[in-house]
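Before any comments, here is the structure.
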Amino acid sequence: MYRALAYDLAFDYRADTRTVGGTAVISVRPDRTLAHLELDALGLTVHAVRVGDRPADFATHDEKLTVTPAGPFRAGATTELTVEYTTDPRAALPHTGWVPTPDGFAVAGQPRSAHTVFPCDDHPGDKARFTIAVTAPNALLGVANGELTRTEPHPDGRTTHRYVSRQPMATELVQVAVGDYTVRERTGPHGLPLRDVVPTARAAELEPAPALTADQLAWAEAHLGPFPFEAYGILPVDTDAPDAFAFTGLETQTLTLYKPDFLRRPETEIGPHMMHELVHSWFGDSVSPARWSDLWLNEGHADFYGLLYRFDRGWPDDRGRTTLTDRMRDVYRLGDRSRHDSGPVASPTAANLFDGQRYAGGVLVLFALREKVG
């Protein structure tokens, strides 16, 4: 019914209440004339909505924000919606994209929780341009996807950092974080800027992991071609809470989120997974799924190259296998059971979207394709 073309987001972290004030300016283009327009939104206390420069009526219901302007949204015409809201990253919700930390937050919106962080068309097929401003007390740092383009100190002891993403991005890949972080900058292949955002108190102990990225990028580019974005780096989020998020890493665009404890492990344990998340820059971020049944293309490619990297480096897997062929033989032997339990690779349900069939089954599809075509 409409496309979201661009998001200009502003987040203001209020350390005294640990809440966030947000403003989202969203450029939309309807496919047909609409009397009202619905955005995805959950857990956001909306204070005001404007369409263009005029106030609009709004209502929240069933994870939706319905916007009704004085006049209709015209087919093919680009219109700006401005939504002002507040939210609490610690709020108990049916699902959430917030990762609360002792002194701030990070964001993990996959698969469909970005709309707990900002109002949006929360679907991976509707990619858009993003500009993100993060305001926080001077003792903390606000970071986001993309490239830092402006730093604005304020008289009240806060600073705003503004970031621009050069390439379109799916809502699930947005990263915003506030905390006591240190930025480590280095250079990757062909002069690619590498920006790691690490908890200041843990910077020394975590340093071995970010230092691996440049060589990993060189390996990935040899197999996949030039890196598709303006920068890359990792963000070990500053929390050890076991329920902070359910995964080890998340491929938020240009700034991959990690559990810090995982990155303390030896390279033989973390290297293949770091390659998995890095490969998502090509498959999942640059090329995003049009619908969630396409997820195996993200995870299959990421696991495929993560395994190639493992065996290329001479690291056996958890069962002592040393070649991709041996591993795929075992996956093939379990194929009937996997299809019975999880359905075909490209036909997930909401309940089993991220189960092993999308990963190992996706690798098997790609392995069979390579055996056929080279």
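Letters A, B, ... go to the chains of the structure tokens in the order shown; residues in each chain start at 1; ligands are counted from 1 in the same order.
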Give me, as a tab-separated table, each residue of stretch 125-236 of chain A that comes within 9 Å of stretch 259-266 of chain A, together with its shortest interatomic pair and the distance in Å at one decimal, counting only C-alpha atoms, with rows ordered by chain and rising residue number.
```
residue	atom	partner	partner_atom	distance
A:Val198	CA	A:Pro260	CA	8.9
A:Pro199	CA	A:Pro260	CA	8.9
A:Arg202	CA	A:Pro260	CA	8.7
A:Glu205	CA	A:Arg264	CA	7.3
A:Leu206	CA	A:Arg264	CA	6.1
A:Glu207	CA	A:Arg264	CA	9.0
A:Pro208	CA	A:Arg264	CA	8.1
A:Ala209	CA	A:Leu263	CA	5.9
A:Pro210	CA	A:Leu263	CA	8.7
A:Leu235	CA	A:Pro260	CA	8.5
A:Pro236	CA	A:Pro260	CA	4.8
```
Item to check | atom CA of A:Gln253 to atom CA of A:Gly43, straight-line distance in Å | outcome: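 Computed distance, atom CA of A:Gly43 to atom CA of A:Gln253, equals 23.8 Å.
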Item to check | Residue neighbourhood A:Val83, 7 Å, only C-alpha atoms, exclusion window fewer than 6 positions, as a list of chain:residue names | outcome: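 Once the nearby chain positions are removed, what remains is A:Thr23, A:Ala24, A:Val25, A:Ala48, A:Val49, A:Arg50.
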Item to check | Shell around A:Ala218 at 9 Å using only C-alpha atoms, local window under 5 positions removed, as a PyMOL selection string | outcome: chain A and resi 188-189+213+223
So that I have them on file, write out the residues from the current selection with all heavy atoms, as a PDB file, in the first residue's frame.
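Contents of out-v1.pdb, freshly written:
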```pdb
ATOM      1  N   GLY A 188      40.794  -1.508   7.042  1.00  0.00           N
ATOM      2  CA  GLY A 188      40.659  -2.827   6.441  1.00  0.00           C
ATOM      3  C   GLY A 188      41.163  -2.843   5.010  1.00  0.00           C
ATOM      4  O   GLY A 188      41.826  -1.898   4.556  1.00  0.00           O
ATOM      5  N   PRO A 189      40.852  -3.894   4.265  1.00  0.00           N
ATOM      6  CA  PRO A 189      41.295  -3.997   2.870  1.00  0.00           C
ATOM      7  C   PRO A 189      40.844  -2.795   2.043  1.00  0.00           C
ATOM      8  O   PRO A 189      39.734  -2.290   2.218  1.00  0.00           O
ATOM      9  CB  PRO A 189      40.621  -5.285   2.387  1.00  0.00           C
ATOM     10  CG  PRO A 189      40.361  -6.075   3.624  1.00  0.00           C
ATOM     11  CD  PRO A 189      40.070  -5.069   4.691  1.00  0.00           C
ATOM     12  N   THR A 213      39.256  -8.787  12.367  1.00  0.00           N
ATOM     13  CA  THR A 213      38.310  -8.429  11.304  1.00  0.00           C
ATOM     14  C   THR A 213      38.985  -8.141   9.972  1.00  0.00           C
ATOM     15  O   THR A 213      38.480  -8.541   8.909  1.00  0.00           O
ATOM     16  CB  THR A 213      37.468  -7.218  11.740  1.00  0.00           C
ATOM     17  OG1 THR A 213      36.731  -7.552  12.919  1.00  0.00           O
ATOM     18  CG2 THR A 213      36.480  -6.831  10.641  1.00  0.00           C
ATOM     19  N   HIS A 223      36.294 -14.262  -1.845  1.00  0.00           N
ATOM     20  CA  HIS A 223      35.236 -15.195  -2.235  1.00  0.00           C
ATOM     21  C   HIS A 223      33.970 -14.504  -2.746  1.00  0.00           C
ATOM     22  O   HIS A 223      33.230 -15.068  -3.558  1.00  0.00           O
ATOM     23  CB  HIS A 223      34.863 -16.085  -1.049  1.00  0.00           C
ATOM     24  CG  HIS A 223      35.919 -17.080  -0.672  1.00  0.00           C
ATOM     25  ND1 HIS A 223      37.054 -16.732   0.037  1.00  0.00           N
ATOM     26  CD2 HIS A 223      36.025 -18.413  -0.923  1.00  0.00           C
ATOM     27  CE1 HIS A 223      37.802 -17.806   0.215  1.00  0.00           C
ATOM     28  NE2 HIS A 223      37.209 -18.832  -0.351  1.00  0.00           N
TER      29      HIS A 223
END
```
Item to check | Spatial neighbours of A:Gly97, 10 Å, only C-alpha atoms, chain gap at least 5 places, as JSON, numbers by chain | outcome: {"A": [89, 106, 107, 108, 109, 110, 111, 112, 113, 114, 115, 116, 117, 118, 172, 174, 175, 245]}
Checklist entry - Which neighbours of A:Ser165 fall inside 7 Å, counting only C-alpha atoms, when residues of the same chain fewer than 5 positions from it are skipped, and could you give them as a list of chain:residue names? => result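 Within the cut-off, the hits are A:Arg129, A:Phe130, A:Thr131, A:Asn145, A:Gly146, A:Glu147.
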Please produce an output containing all heavy atoms for each residue in the selection, written as a PDB file, in the first residue's frame.
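Just written: part.pdb:
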```pdb
ATOM      1  N   ARG A 129      16.435   4.623   3.242  1.00  0.00           N
ATOM      2  CA  ARG A 129      17.598   5.381   3.688  1.00  0.00           C
ATOM      3  C   ARG A 129      17.419   5.756   5.155  1.00  0.00           C
ATOM      4  O   ARG A 129      16.308   6.037   5.590  1.00  0.00           O
ATOM      5  CB  ARG A 129      17.764   6.647   2.848  1.00  0.00           C
ATOM      6  CG  ARG A 129      17.922   6.384   1.356  1.00  0.00           C
ATOM      7  CD  ARG A 129      19.338   5.966   1.027  1.00  0.00           C
ATOM      8  NE  ARG A 129      19.512   5.698  -0.408  1.00  0.00           N
ATOM      9  CZ  ARG A 129      20.658   5.375  -0.970  1.00  0.00           C
ATOM     10  NH1 ARG A 129      21.749   5.277  -0.220  1.00  0.00           N
ATOM     11  NH2 ARG A 129      20.747   5.137  -2.270  1.00  0.00           N
ATOM     12  N   PHE A 130      18.538   5.798   5.895  1.00  0.00           N
ATOM     13  CA  PHE A 130      18.467   6.113   7.316  1.00  0.00           C
ATOM     14  C   PHE A 130      19.474   7.184   7.700  1.00  0.00           C
ATOM     15  O   PHE A 130      20.650   7.119   7.310  1.00  0.00           O
ATOM     16  CB  PHE A 130      18.743   4.872   8.165  1.00  0.00           C
ATOM     17  CG  PHE A 130      17.539   3.986   8.377  1.00  0.00           C
ATOM     18  CD1 PHE A 130      17.174   3.050   7.413  1.00  0.00           C
ATOM     19  CD2 PHE A 130      16.773   4.093   9.529  1.00  0.00           C
ATOM     20  CE1 PHE A 130      16.075   2.239   7.596  1.00  0.00           C
ATOM     21  CE2 PHE A 130      15.668   3.282   9.720  1.00  0.00           C
ATOM     22  CZ  PHE A 130      15.313   2.352   8.758  1.00  0.00           C
ATOM     23  N   THR A 131      19.010   8.149   8.459  1.00  0.00           N
ATOM     24  CA  THR A 131      19.847   9.086   9.197  1.00  0.00           C
ATOM     25  C   THR A 131      19.445   8.955  10.659  1.00  0.00           C
ATOM     26  O   THR A 131      18.252   8.975  10.980  1.00  0.00           O
ATOM     27  CB  THR A 131      19.643  10.526   8.721  1.00  0.00           C
ATOM     28  OG1 THR A 131      19.984  10.618   7.333  1.00  0.00           O
ATOM     29  CG2 THR A 131      20.505  11.487   9.506  1.00  0.00           C
ATOM     30  N   ASN A 145      24.293   2.839  13.136  1.00  0.00           N
ATOM     31  CA  ASN A 145      24.799   2.346  11.861  1.00  0.00           C
ATOM     32  C   ASN A 145      25.412   3.479  11.045  1.00  0.00           C
ATOM     33  O   ASN A 145      25.080   4.639  11.207  1.00  0.00           O
ATOM     34  CB  ASN A 145      23.675   1.741  11.005  1.00  0.00           C
ATOM     35  CG  ASN A 145      22.743   0.842  11.752  1.00  0.00           C
ATOM     36  OD1 ASN A 145      21.850   1.313  12.427  1.00  0.00           O
ATOM     37  ND2 ASN A 145      22.926  -0.453  11.608  1.00  0.00           N
ATOM     38  N   GLY A 146      26.273   3.086  10.099  1.00  0.00           N
ATOM     39  CA  GLY A 146      26.719   4.028   9.086  1.00  0.00           C
ATOM     40  C   GLY A 146      27.944   4.824   9.478  1.00  0.00           C
ATOM     41  O   GLY A 146      28.825   4.369  10.192  1.00  0.00           O
ATOM     42  N   GLU A 147      27.980   6.046   9.009  1.00  0.00           N
ATOM     43  CA  GLU A 147      29.146   6.923   9.122  1.00  0.00           C
ATOM     44  C   GLU A 147      28.807   8.128   9.993  1.00  0.00           C
ATOM     45  O   GLU A 147      27.777   8.773   9.810  1.00  0.00           O
ATOM     46  CB  GLU A 147      29.559   7.387   7.724  1.00  0.00           C
ATOM     47  CG  GLU A 147      30.746   8.306   7.678  1.00  0.00           C
ATOM     48  CD  GLU A 147      31.056   8.756   6.258  1.00  0.00           C
ATOM     49  OE1 GLU A 147      30.185   8.627   5.375  1.00  0.00           O
ATOM     50  OE2 GLU A 147      32.183   9.260   6.039  1.00  0.00           O
TER      51      GLU A 147
END
```
Checklist entry - Out of A:Thr268, A:Ser338, A:Ser286, A:Thr248, which residue has the shortest atom-to-atom distance to A:Phe229 when counting only C-alpha atoms? => result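 Between A:Thr268, A:Ser338, A:Ser286, A:Thr248, the residue approaching A:Phe229 most closely is A:Ser286.
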Next on the checklist: Just want the 9 Å neighbourhood of A:Thr66, counted on only C-alpha atoms, with same-chain residues fewer than 3 positions away dropped. Output as a list in words.
Outcome noted: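 Those residues are His36, Leu37, Glu38, Leu39, Asp40, Asp57, Phe58, Ala59, Thr60 and His61 of chain A.
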Residue selection dump (N, CA, C and O atoms) as a compact mmCIF listing (two decimals), in the first residue's frame:
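The new file out29.txt reads:
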```
# COMPACT_ATOMS: atom_id res chain seq x y z
N HIS A 36 -6.05 6.93 5.40
CA HIS A 36 -5.16 6.84 6.57
C HIS A 36 -4.03 5.87 6.24
O HIS A 36 -4.09 5.13 5.25
N LEU A 37 -3.01 5.88 7.08
CA LEU A 37 -1.83 5.04 6.85
C LEU A 37 -1.44 4.40 8.17
O LEU A 37 -1.49 5.04 9.22
N GLU A 38 -1.04 3.13 8.11
CA GLU A 38 -0.65 2.42 9.31
C GLU A 38 0.84 2.16 9.35
O GLU A 38 1.43 1.67 8.37
N LEU A 39 1.45 2.50 10.47
CA LEU A 39 2.83 2.15 10.77
C LEU A 39 2.83 1.05 11.84
O LEU A 39 1.90 0.96 12.64
N ASP A 40 3.87 0.23 11.85
CA ASP A 40 4.06 -0.72 12.93
C ASP A 40 4.61 0.03 14.14
O ASP A 40 5.55 0.83 14.02
N ASP A 57 -4.47 13.30 13.13
CA ASP A 57 -5.06 12.41 14.12
C ASP A 57 -4.30 11.09 14.11
O ASP A 57 -3.77 10.65 13.06
N PHE A 58 -4.25 10.44 15.29
CA PHE A 58 -3.57 9.15 15.34
C PHE A 58 -4.19 8.29 16.43
O PHE A 58 -4.83 8.79 17.37
N ALA A 59 -4.00 6.99 16.29
CA ALA A 59 -4.47 6.03 17.29
C ALA A 59 -3.55 4.83 17.26
O ALA A 59 -3.05 4.44 16.19
N THR A 60 -3.32 4.21 18.42
CA THR A 60 -2.49 3.01 18.50
C THR A 60 -3.38 1.81 18.84
O THR A 60 -4.30 1.92 19.67
N HIS A 61 -3.08 0.68 18.20
CA HIS A 61 -3.88 -0.54 18.42
C HIS A 61 -3.16 -1.71 17.77
O HIS A 61 -2.59 -1.58 16.68
```
Item to check | Length of the atom CA of A:Thr45 to atom CA of A:Asp62 vector [Å] | outcome: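 Answer for the atom CA of A:Thr45 to atom CA of A:Asp62 separation: 13.8 Å.
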Item to check | Residue list (helix (DSSP H, G or I), DSSP) for stretch 56-292 of chain A, as a ChimeraX atom specification | outcome: /A:114-116,171-173,189-191,200-206,210-224,260-264,267-279,292
Checklist entry - as a ChimeraX atom specification, which residues of stretch 214-328 of chain A does DSSP assign to strand (DSSP E or B)? => result /A:232,234-236,249-250,256-258,283,287
File dump, residues just selected, N, CA and C atoms, as a short mmCIF file (atom, residue, chain, number, x, y, z; two decimals), in the first residue's frame:
```cif
data_model
loop_
_atom_site.label_atom_id
_atom_site.label_comp_id
_atom_site.auth_asym_id
_atom_site.auth_seq_id
_atom_site.Cartn_x
_atom_site.Cartn_y
_atom_site.Cartn_z
N TYR A 232 32.76 -1.14 8.49
CA TYR A 232 32.34 -2.34 9.22
C TYR A 232 32.96 -2.29 10.61
N ILE A 234 32.42 -4.21 14.96
CA ILE A 234 31.62 -5.00 15.88
C ILE A 234 31.32 -4.19 17.13
N LEU A 235 30.19 -4.53 17.76
CA LEU A 235 29.73 -3.89 18.98
C LEU A 235 29.45 -4.96 20.02
N PRO A 236 30.40 -5.26 20.91
CA PRO A 236 30.10 -6.13 22.04
C PRO A 236 29.24 -5.34 23.04
N GLY A 249 25.44 -13.36 18.00
CA GLY A 249 25.70 -12.14 17.24
C GLY A 249 24.54 -11.82 16.34
N LEU A 250 24.43 -10.56 15.96
CA LEU A 250 23.36 -10.12 15.05
C LEU A 250 23.95 -9.13 14.07
N THR A 256 28.06 -5.00 13.76
CA THR A 256 27.50 -6.27 14.21
C THR A 256 27.47 -6.35 15.74
N LEU A 257 26.32 -6.70 16.28
CA LEU A 257 26.12 -6.83 17.71
C LEU A 257 26.60 -8.19 18.20
N TYR A 258 27.29 -8.22 19.35
CA TYR A 258 27.78 -9.48 19.93
C TYR A 258 27.56 -9.50 21.43
N PHE A 283 24.86 -11.08 2.25
CA PHE A 283 23.62 -11.85 2.18
C PHE A 283 22.81 -11.61 3.45
N VAL A 287 21.85 -7.62 0.20
CA VAL A 287 20.73 -8.31 -0.44
C VAL A 287 19.84 -8.83 0.68
#
```
Item to check | Between atom CA of A:Asp355 and atom CA of A:Ser342, distance in Å (one decimal) | outcome: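 Computing the Euclidean distance for atom CA of A:Asp355 and atom CA of A:Ser342 yields 7.6 Å.
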Checklist entry - From the set A:Ala170, A:Met328, A:Thr200, A:Leu5, which residue has the shortest atom-to-atom contact distance to A:Glu251, counting only C-alpha atoms? => result A:Ala170
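Of the listed residues A:Met169, A:Ala246, A:Val134, A:Leu308, the one whose atoms come nearest to A:Glu152 is A:Val134, with distances taken using only C-alpha atoms.
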